[in-house]
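The structure file input13.pdb is reproduced below (PDB, C-alpha atoms).
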ATOM      1  CA  MET A   1      63.606 142.162  88.778
ATOM      2  CA  ARG A   2      65.346 144.931  86.908
ATOM      3  CA  ALA A   3      68.388 146.097  88.806
ATOM      4  CA  ALA A   4      67.979 149.855  88.598
ATOM      5  CA  LEU A   5      65.304 152.382  87.760
ATOM      6  CA  VAL A   6      67.593 155.331  87.177
ATOM      7  CA  VAL A   7      70.843 155.107  85.256
ATOM      8  CA  VAL A   8      73.484 157.736  85.776
ATOM      9  CA  VAL A   9      75.183 158.388  82.451
ATOM     10  CA  ALA A  10      78.526 159.785  83.515
ATOM     11  CA  LEU A  11      82.131 158.680  83.663
ATOM     12  CA  ALA A  12      83.749 158.983  87.081
ATOM     13  CA  VAL A  13      87.188 160.592  86.805
ATOM     14  CA  ALA A  14      89.533 159.569  89.614
ATOM     15  CA  LEU A  15      91.464 162.426  91.175
ATOM     16  CA  PRO A  16      95.126 161.983  92.179
ATOM     17  CA  GLY A  17      95.460 160.452  95.602
ATOM     18  CA  CYS A  18      91.788 159.448  95.716
ATOM     19  CA  SER A  19      90.572 155.962  96.488
ATOM     20  CA  SER A  20      89.995 153.632  93.545
ATOM     21  CA  ASP A  21      86.564 152.670  94.920
ATOM     22  CA  THR A  22      84.150 152.615  91.971
ATOM     23  CA  THR A  23      80.948 152.046  93.914
ATOM     24  CA  PRO A  24      78.186 154.014  92.105
ATOM     25  CA  GLN A  25      76.790 156.940  94.039
ATOM     26  CA  ALA A  26      73.156 158.033  94.125
ATOM     27  CA  PRO A  27      72.482 161.208  92.110
ATOM     28  CA  ARG A  28      72.765 164.416  94.142
ATOM     29  CA  ALA A  29      70.843 167.619  93.595
ATOM     30  CA  ASP A  30      74.135 169.498  93.195
ATOM     31  CA  SER A  31      75.456 167.062  90.563
ATOM     32  CA  THR A  32      75.758 168.129  86.938
ATOM     33  CA  ALA A  33      75.766 164.569  85.530
ATOM     34  CA  PRO A  34      72.860 163.861  83.166
ATOM     35  CA  VAL A  35      70.463 161.171  84.383
ATOM     36  CA  ILE A  36      68.427 158.911  82.092
ATOM     37  CA  ALA A  37      65.060 157.701  83.370
ATOM     38  CA  PRO A  38      64.033 154.533  81.482
ATOM     39  CA  GLY A  39      60.559 154.795  79.961
ATOM     40  CA  ARG A  40      57.774 152.403  80.838
ATOM     41  CA  PRO A  41      56.930 149.693  78.286
ATOM     42  CA  GLY A  42      56.321 151.388  74.933
ATOM     43  CA  GLU A  43      57.728 154.731  76.072
ATOM     44  CA  GLN A  44      61.089 156.362  75.377
ATOM     45  CA  ALA A  45      63.605 157.190  78.069
ATOM     46  CA  ARG A  46      64.048 160.834  79.006
ATOM     47  CA  THR A  47      66.823 162.921  80.510
ATOM     48  CA  LEU A  48      66.225 164.285  83.997
ATOM     49  CA  SER A  49      67.798 167.369  85.497
ATOM     50  CA  PRO A  50      69.853 166.775  88.677
ATOM     51  CA  GLU A  51      67.002 168.322  90.689
ATOM     52  CA  GLU A  52      64.452 165.910  89.167
ATOM     53  CA  ALA A  53      66.801 162.952  89.641
ATOM     54  CA  ALA A  54      67.065 163.634  93.357
ATOM     55  CA  THR A  55      63.359 162.884  93.775
ATOM     56  CA  ALA A  56      62.776 160.455  90.880
ATOM     57  CA  VAL A  57      64.005 157.286  92.578
ATOM     58  CA  PRO A  58      61.137 155.307  94.173
ATOM     59  CA  THR A  59      61.391 154.736  97.903
ATOM     60  CA  ALA A  60      61.105 151.630 100.067
ATOM     61  CA  THR A  61      57.919 153.060 101.595
ATOM     62  CA  ALA A  62      54.612 151.666 100.328
ATOM     63  CA  ASN A  63      51.507 153.734  99.752
ATOM     64  CA  ALA A  64      47.869 152.737  99.296
ATOM     65  CA  ALA A  65      48.289 152.302  95.522
ATOM     66  CA  ASP A  66      51.101 149.775  96.065
ATOM     67  CA  VAL A  67      49.074 147.741  98.556
ATOM     68  CA  LYS A  68      45.930 147.716  96.405
ATOM     69  CA  TYR A  69      47.913 146.685  93.329
ATOM     70  CA  VAL A  70      49.541 143.749  95.108
ATOM     71  CA  GLN A  71      46.298 142.574  96.704
ATOM     72  CA  ASP A  72      44.432 142.799  93.394
ATOM     73  CA  MET A  73      47.252 141.219  91.398
ATOM     74  CA  ILE A  74      47.309 138.197  93.703
ATOM     75  CA  VAL A  75      43.623 137.611  92.917
ATOM     76  CA  HIS A  76      44.282 138.290  89.225
ATOM     77  CA  HIS A  77      47.226 135.866  89.060
ATOM     78  CA  ARG A  78      45.307 133.154  90.893
ATOM     79  CA  GLN A  79      42.615 133.142  88.231
ATOM     80  CA  ALA A  80      45.220 132.919  85.459
ATOM     81  CA  VAL A  81      46.843 129.944  87.210
ATOM     82  CA  ASP A  82      43.442 128.261  87.671
ATOM     83  CA  MET A  83      42.777 128.672  83.944
ATOM     84  CA  ALA A  84      46.223 127.361  83.040
ATOM     85  CA  LEU A  85      45.709 124.246  85.179
ATOM     86  CA  LEU A  86      42.896 123.191  82.832
ATOM     87  CA  ALA A  87      45.124 123.078  79.752
ATOM     88  CA  PRO A  88      46.969 119.732  80.172
ATOM     89  CA  ASN A  89      43.757 117.687  80.030
ATOM     90  CA  ARG A  90      41.660 119.869  77.707
ATOM     91  CA  ALA A  91      43.885 121.682  75.219
ATOM     92  CA  GLU A  92      44.754 120.279  71.807
ATOM     93  CA  SER A  93      47.695 122.556  70.957
ATOM     94  CA  ALA A  94      51.092 121.548  72.348
ATOM     95  CA  LYS A  95      52.179 125.194  72.137
ATOM     96  CA  LEU A  96      49.202 126.257  74.219
ATOM     97  CA  LYS A  97      50.012 123.609  76.814
ATOM     98  CA  GLY A  98      53.573 124.943  76.948
ATOM     99  CA  LEU A  99      52.279 128.478  77.407
ATOM    100  CA  ALA A 100      49.974 127.346  80.215
ATOM    101  CA  ASP A 101      52.945 125.692  81.947
ATOM    102  CA  ARG A 102      54.907 128.952  81.677
ATOM    103  CA  ILE A 103      52.010 130.951  83.150
ATOM    104  CA  GLN A 104      52.018 128.637  86.170
ATOM    105  CA  ASP A 105      55.815 128.728  86.480
ATOM    106  CA  VAL A 106      55.940 132.551  86.413
ATOM    107  CA  GLN A 107      52.774 133.610  88.185
ATOM    108  CA  GLY A 108      52.868 131.009  90.956
ATOM    109  CA  PRO A 109      56.149 132.344  92.407
ATOM    110  CA  GLU A 110      54.936 135.924  91.867
ATOM    111  CA  ILE A 111      51.890 135.146  94.020
ATOM    112  CA  GLN A 112      54.214 133.878  96.762
ATOM    113  CA  TYR A 113      56.427 136.957  96.442
ATOM    114  CA  MET A 114      53.459 139.331  96.666
ATOM    115  CA  SER A 115      51.946 137.472  99.619
ATOM    116  CA  THR A 116      55.247 137.706 101.499
ATOM    117  CA  TRP A 117      55.541 141.409 100.672
ATOM    118  CA  LEU A 118      52.049 142.090 102.038
ATOM    119  CA  ARG A 119      52.844 140.276 105.285
ATOM    120  CA  GLU A 120      56.044 142.305 105.618
ATOM    121  CA  GLN A 121      53.945 145.446 105.248
ATOM    122  CA  GLU A 122      51.450 144.047 107.801
ATOM    123  CA  GLN A 123      48.722 144.080 105.166
ATOM    124  CA  ARG A 124      45.992 141.547 104.404
ATOM    125  CA  VAL A 125      46.629 138.730 101.915
ATOM    126  CA  PRO A 126      43.406 138.114  99.913
ATOM    127  CA  GLU A 127      41.497 134.876 100.294
ATOM    128  CA  HIS A 128      41.713 132.541  97.316
ATOM    129  CA  HIS A 129      38.184 133.299  96.129
ATOM    130  CA  ALA A 130      38.204 136.989  96.965
ATOM    131  CA  ARG A 131      35.776 139.255  95.102
ATOM    132  CA  HIS A 132      37.108 140.864  91.931
ATOM    133  CA  GLU A 133      34.290 142.963  90.526
ATOM    134  CA  GLY A 134      35.624 145.774  88.354
ATOM    135  CA  MET A 135      39.123 144.292  88.107
ATOM    136  CA  PRO A 136      40.265 144.593  84.475
ATOM    137  CA  GLY A 137      40.583 141.441  82.398
ATOM    138  CA  MET A 138      39.051 138.975  84.861
ATOM    139  CA  ALA A 139      36.920 136.207  83.364
ATOM    140  CA  THR A 140      33.317 135.970  84.555
ATOM    141  CA  PRO A 141      31.998 132.846  86.319
ATOM    142  CA  GLU A 142      30.076 132.013  83.122
ATOM    143  CA  GLN A 143      33.218 132.279  80.992
ATOM    144  CA  LEU A 144      35.177 130.102  83.398
ATOM    145  CA  GLU A 145      32.451 127.456  83.352
ATOM    146  CA  ALA A 146      32.485 127.465  79.544
ATOM    147  CA  LEU A 147      36.269 126.996  79.625
ATOM    148  CA  ARG A 148      36.004 124.113  82.087
ATOM    149  CA  THR A 149      33.581 122.238  79.840
ATOM    150  CA  ALA A 150      35.387 122.923  76.532
ATOM    151  CA  GLN A 151      37.672 120.388  74.855
ATOM    152  CA  GLY A 152      40.223 120.404  72.035
ATOM    153  CA  LYS A 153      40.144 123.240  69.520
ATOM    154  CA  GLU A 154      37.213 124.919  71.265
ATOM    155  CA  PHE A 155      39.155 124.992  74.526
ATOM    156  CA  ASP A 156      42.187 126.431  72.730
ATOM    157  CA  ARG A 157      40.098 129.158  71.110
ATOM    158  CA  LEU A 158      38.353 130.148  74.328
ATOM    159  CA  PHE A 159      41.522 129.939  76.441
ATOM    160  CA  LEU A 160      43.438 132.276  74.116
ATOM    161  CA  GLN A 161      40.548 134.729  73.979
ATOM    162  CA  LEU A 162      40.156 134.861  77.761
ATOM    163  CA  MET A 163      43.869 134.837  78.596
ATOM    164  CA  ILE A 164      44.739 137.637  76.163
ATOM    165  CA  ASN A 165      42.064 139.780  77.765
ATOM    166  CA  HIS A 166      43.301 138.705  81.206
ATOM    167  CA  HIS A 167      46.874 139.750  80.389
ATOM    168  CA  LEU A 168      45.706 143.096  78.993
ATOM    169  CA  GLY A 169      43.966 143.704  82.314
ATOM    170  CA  ALA A 170      47.157 142.950  84.261
ATOM    171  CA  ILE A 171      49.095 145.392  82.076
ATOM    172  CA  GLU A 172      46.491 148.088  82.714
ATOM    173  CA  MET A 173      46.714 147.500  86.473
ATOM    174  CA  SER A 174      50.505 147.721  86.277
ATOM    175  CA  LYS A 175      50.336 151.030  84.423
ATOM    176  CA  GLN A 176      48.186 152.434  87.210
ATOM    177  CA  VAL A 177      50.614 151.521  89.994
ATOM    178  CA  LEU A 178      53.594 152.749  87.971
ATOM    179  CA  THR A 179      51.881 156.142  88.025
ATOM    180  CA  GLY A 180      50.525 156.140  91.571
ATOM    181  CA  GLY A 181      52.750 153.799  93.577
ATOM    182  CA  SER A 182      55.857 154.673  95.588
ATOM    183  CA  HIS A 183      57.599 151.415  96.564
ATOM    184  CA  ILE A 184      60.630 150.464  94.470
ATOM    185  CA  LYS A 185      59.983 146.711  94.678
ATOM    186  CA  ILE A 186      56.427 147.122  93.457
ATOM    187  CA  GLU A 187      57.526 149.330  90.578
ATOM    188  CA  GLU A 188      60.008 146.617  89.603
ATOM    189  CA  LEU A 189      57.293 143.960  89.895
ATOM    190  CA  ALA A 190      54.795 145.958  87.831
ATOM    191  CA  THR A 191      57.389 146.527  85.120
ATOM    192  CA  ASP A 192      58.219 142.819  85.016
ATOM    193  CA  VAL A 193      54.522 141.907  84.801
ATOM    194  CA  SER A 194      54.028 144.326  81.899
ATOM    195  CA  VAL A 195      57.034 142.983  79.980
ATOM    196  CA  GLU A 196      56.273 139.295  80.617
ATOM    197  CA  GLN A 197      52.613 139.498  79.766
ATOM    198  CA  SER A 198      53.116 141.692  76.698
ATOM    199  CA  ALA A 199      55.435 138.995  75.313
ATOM    200  CA  GLU A 200      52.895 136.274  76.114
ATOM    201  CA  ILE A 201      50.116 138.251  74.416
ATOM    202  CA  ARG A 202      52.177 138.307  71.221
ATOM    203  CA  ARG A 203      52.656 134.534  71.442
ATOM    204  CA  MET A 204      48.935 133.957  71.976
ATOM    205  CA  GLN A 205      47.995 136.205  69.074
ATOM    206  CA  GLU A 206      50.305 134.170  66.833
ATOM    207  CA  MET A 207      48.543 131.007  68.018
ATOM    208  CA  GLN A 208      45.173 132.518  67.164
ATOM    209  CA  THR A 209      46.219 133.153  63.565
ATOM    210  CA  ALA A 210      48.117 129.897  63.066
ATOM    211  CA  PRO A 211      46.477 127.439  60.609
TER     212      PRO A 211
END
Here is a file; write its structure as structure tokens.
Amino acid sequence: MRAALVVVVALAVALPGCSSDTTPQAPRADSTAPVIAPGRPGEQARTLSPEEAATAVPTATANAADVKYVQDMIVHHRQAVDMALLAPNRAESAKLKGLADRIQDVQGPEIQYMSTWLREQEQRVPEHHARHEGMPGMATPEQLEALRTAQGKEFDRLFLQLMINHHLGAIEMSKQVLTGGSHIKIEELATDVSVEQSAEIRRMQEMQTAP
């Protein structure tokens, strides 16, 4: 998780006789220190006024957008893991098998983290085969069946096609909660998902064009 969402760009000047405690302080509305708000993936950072900074930091209170994102992302991640589990016995490419292992290693713990977060919020954790109509990037039952029956190069081709689209859907979902959510942990999670899956998309696109 990224450690901070707002970075105060200022040098603290110790006054004579003051304590040497250097613990960073949250920005105050009466402060004149400039505050840099990091941009979302693909966006530039921008400078906030002290008044904006006072309200820019996400809270530890969840709203409906946070809960929906986490519930949907659990379902989304589960499908990606199910697809990745097929790779060891069906894929031809060693690189693709390595990517599938990474998807399991990253998204499995994220599913556990999100499930725990929902329970802490006293919210429902989705069943494993929960409905996902309208969720961006999800493979259809027909596409999953085709993947399960494919072997070798055909499996590799279909896996990359479906997983790239799957990752793009997760990034779109993360963008939505970064706009509408309010909980700091979920903003951190959504940012991590966007960064991780953008990097994996680039790797998969390189595999698609490799001879």
Need to verify the contact set: segment 62-65 of chain A, 9 Å, all atoms listed in the file, exclusion of same-chain residues closer than 4 positions in sequence. Can you return it as a ChimeraX atom specification? /A:69-70,121,176-177,180-184,186
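Here atom CA of Glu92 of chain A is placed at a distance of 21.8 Å from atom CA of Ala199 of chain A.
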Selected by the PyMOL selection byres ((chain A and resi 86) around 12) in the shown coordinates: which residues, as a VMD selection string? chain A and resid 79 to 85 87 to 92 96 to 97 100 to 101 103 to 104 144 to 152 155 to 156 158 to 159
Output for the residues just chosen: C-alpha atoms as an mmCIF file, in the coordinates of the input:
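Wrote part10.cif, looks like this:
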data_model
loop_
_atom_site.group_PDB
_atom_site.id
_atom_site.type_symbol
_atom_site.label_atom_id
_atom_site.label_comp_id
_atom_site.auth_asym_id
_atom_site.auth_seq_id
_atom_site.Cartn_x
_atom_site.Cartn_y
_atom_site.Cartn_z
ATOM 1 C CA GLN A 79 42.615 133.142 88.231
ATOM 2 C CA ALA A 80 45.220 132.919 85.459
ATOM 3 C CA VAL A 81 46.843 129.944 87.210
ATOM 4 C CA ASP A 82 43.442 128.261 87.671
ATOM 5 C CA MET A 83 42.777 128.672 83.944
ATOM 6 C CA ALA A 84 46.223 127.361 83.040
ATOM 7 C CA LEU A 85 45.709 124.246 85.179
ATOM 8 C CA ALA A 87 45.124 123.078 79.752
ATOM 9 C CA PRO A 88 46.969 119.732 80.172
ATOM 10 C CA ASN A 89 43.757 117.687 80.030
ATOM 11 C CA ARG A 90 41.660 119.869 77.707
ATOM 12 C CA ALA A 91 43.885 121.682 75.219
ATOM 13 C CA GLU A 92 44.754 120.279 71.807
ATOM 14 C CA LEU A 96 49.202 126.257 74.219
ATOM 15 C CA LYS A 97 50.012 123.609 76.814
ATOM 16 C CA ALA A 100 49.974 127.346 80.215
ATOM 17 C CA ASP A 101 52.945 125.692 81.947
ATOM 18 C CA ILE A 103 52.010 130.951 83.150
ATOM 19 C CA GLN A 104 52.018 128.637 86.170
ATOM 20 C CA LEU A 144 35.177 130.102 83.398
ATOM 21 C CA GLU A 145 32.451 127.456 83.352
ATOM 22 C CA ALA A 146 32.485 127.465 79.544
ATOM 23 C CA LEU A 147 36.269 126.996 79.625
ATOM 24 C CA ARG A 148 36.004 124.113 82.087
ATOM 25 C CA THR A 149 33.581 122.238 79.840
ATOM 26 C CA ALA A 150 35.387 122.923 76.532
ATOM 27 C CA GLN A 151 37.672 120.388 74.855
ATOM 28 C CA GLY A 152 40.223 120.404 72.035
ATOM 29 C CA PHE A 155 39.155 124.992 74.526
ATOM 30 C CA ASP A 156 42.187 126.431 72.730
ATOM 31 C CA LEU A 158 38.353 130.148 74.328
ATOM 32 C CA PHE A 159 41.522 129.939 76.441
#
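Each of A:Leu162, A:Ala60, A:His76, A:Asp105 was compared to Gly134 of chain A using only C-alpha atoms, and A:His76 turns out to be the nearest.
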Do you know which residues are at most 8 Å from Lys175 of chain A counting only C-alpha atoms, after dropping those on the same chain fewer than 4 positions away, and could you put them as a PyMOL selection string? chain A and resi 171+179+190
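Residues matched by the PyMOL selection byres ((chain A and resi 139) around 9) in this file are Gln79, Gly137, Met138, Thr140, Pro141, Glu142, Gln143, Leu144, Leu162, Met163, Asn165 and His166 of chain A.
Atom CA of Lys95 of chain A is positioned 28.2 Å from atom CA of His128 of chain A.
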Counting all atoms listed in the file, which residues come within 7 Å of (48.6, 138.7, 80.2), with the point read in the file's coordinates, and could you list them as number ranges by chain? A: 163-164, 166-168, 170-171, 197-198, 200-201
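Among the candidate residues A:Pro211, A:Lys185, A:Ser174, A:Gln71, the one lying nearest to Arg119 of chain A is A:Gln71, with distances computed using all atoms listed in the file.
Between atom CA of Asp192 of chain A and atom CA of Met173 of chain A the separation is 12.5 Å.
For the set A:Ser115, A:Gln208, A:Thr191, A:Ser93, the residue with the smallest atom-to-atom gap to Asp72 of chain A is A:Ser115, counting all atoms listed in the file.
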Around segment 89-100 of chain A, fit a box with edges along x, y and z, padding it by 5 Å on each side, then list its centre and edge lengths in Å to one decimal as lines of an AutoDock Vina configuration file.
center_x = 47.6
center_y = 123.1
center_z = 75.6
size_x = 21.9
size_y = 20.8
size_z = 19.3
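Minimum distance to Val106 of chain A across A:Glu133, A:Glu187, A:Glu196, A:Glu127 (counting all atoms listed in the file) occurs at A:Glu196.
For the choices A:Arg124, A:Ser194, A:Thr116, A:Arg202, the atom-to-atom distance to Glu172 of chain A is smallest for A:Ser194 when using all atoms listed in the file.
Nearest residue to Ile74 of chain A, choosing from A:Glu188, A:Glu122, A:Glu110, A:Glu154 and counting only C-alpha atoms: A:Glu110.
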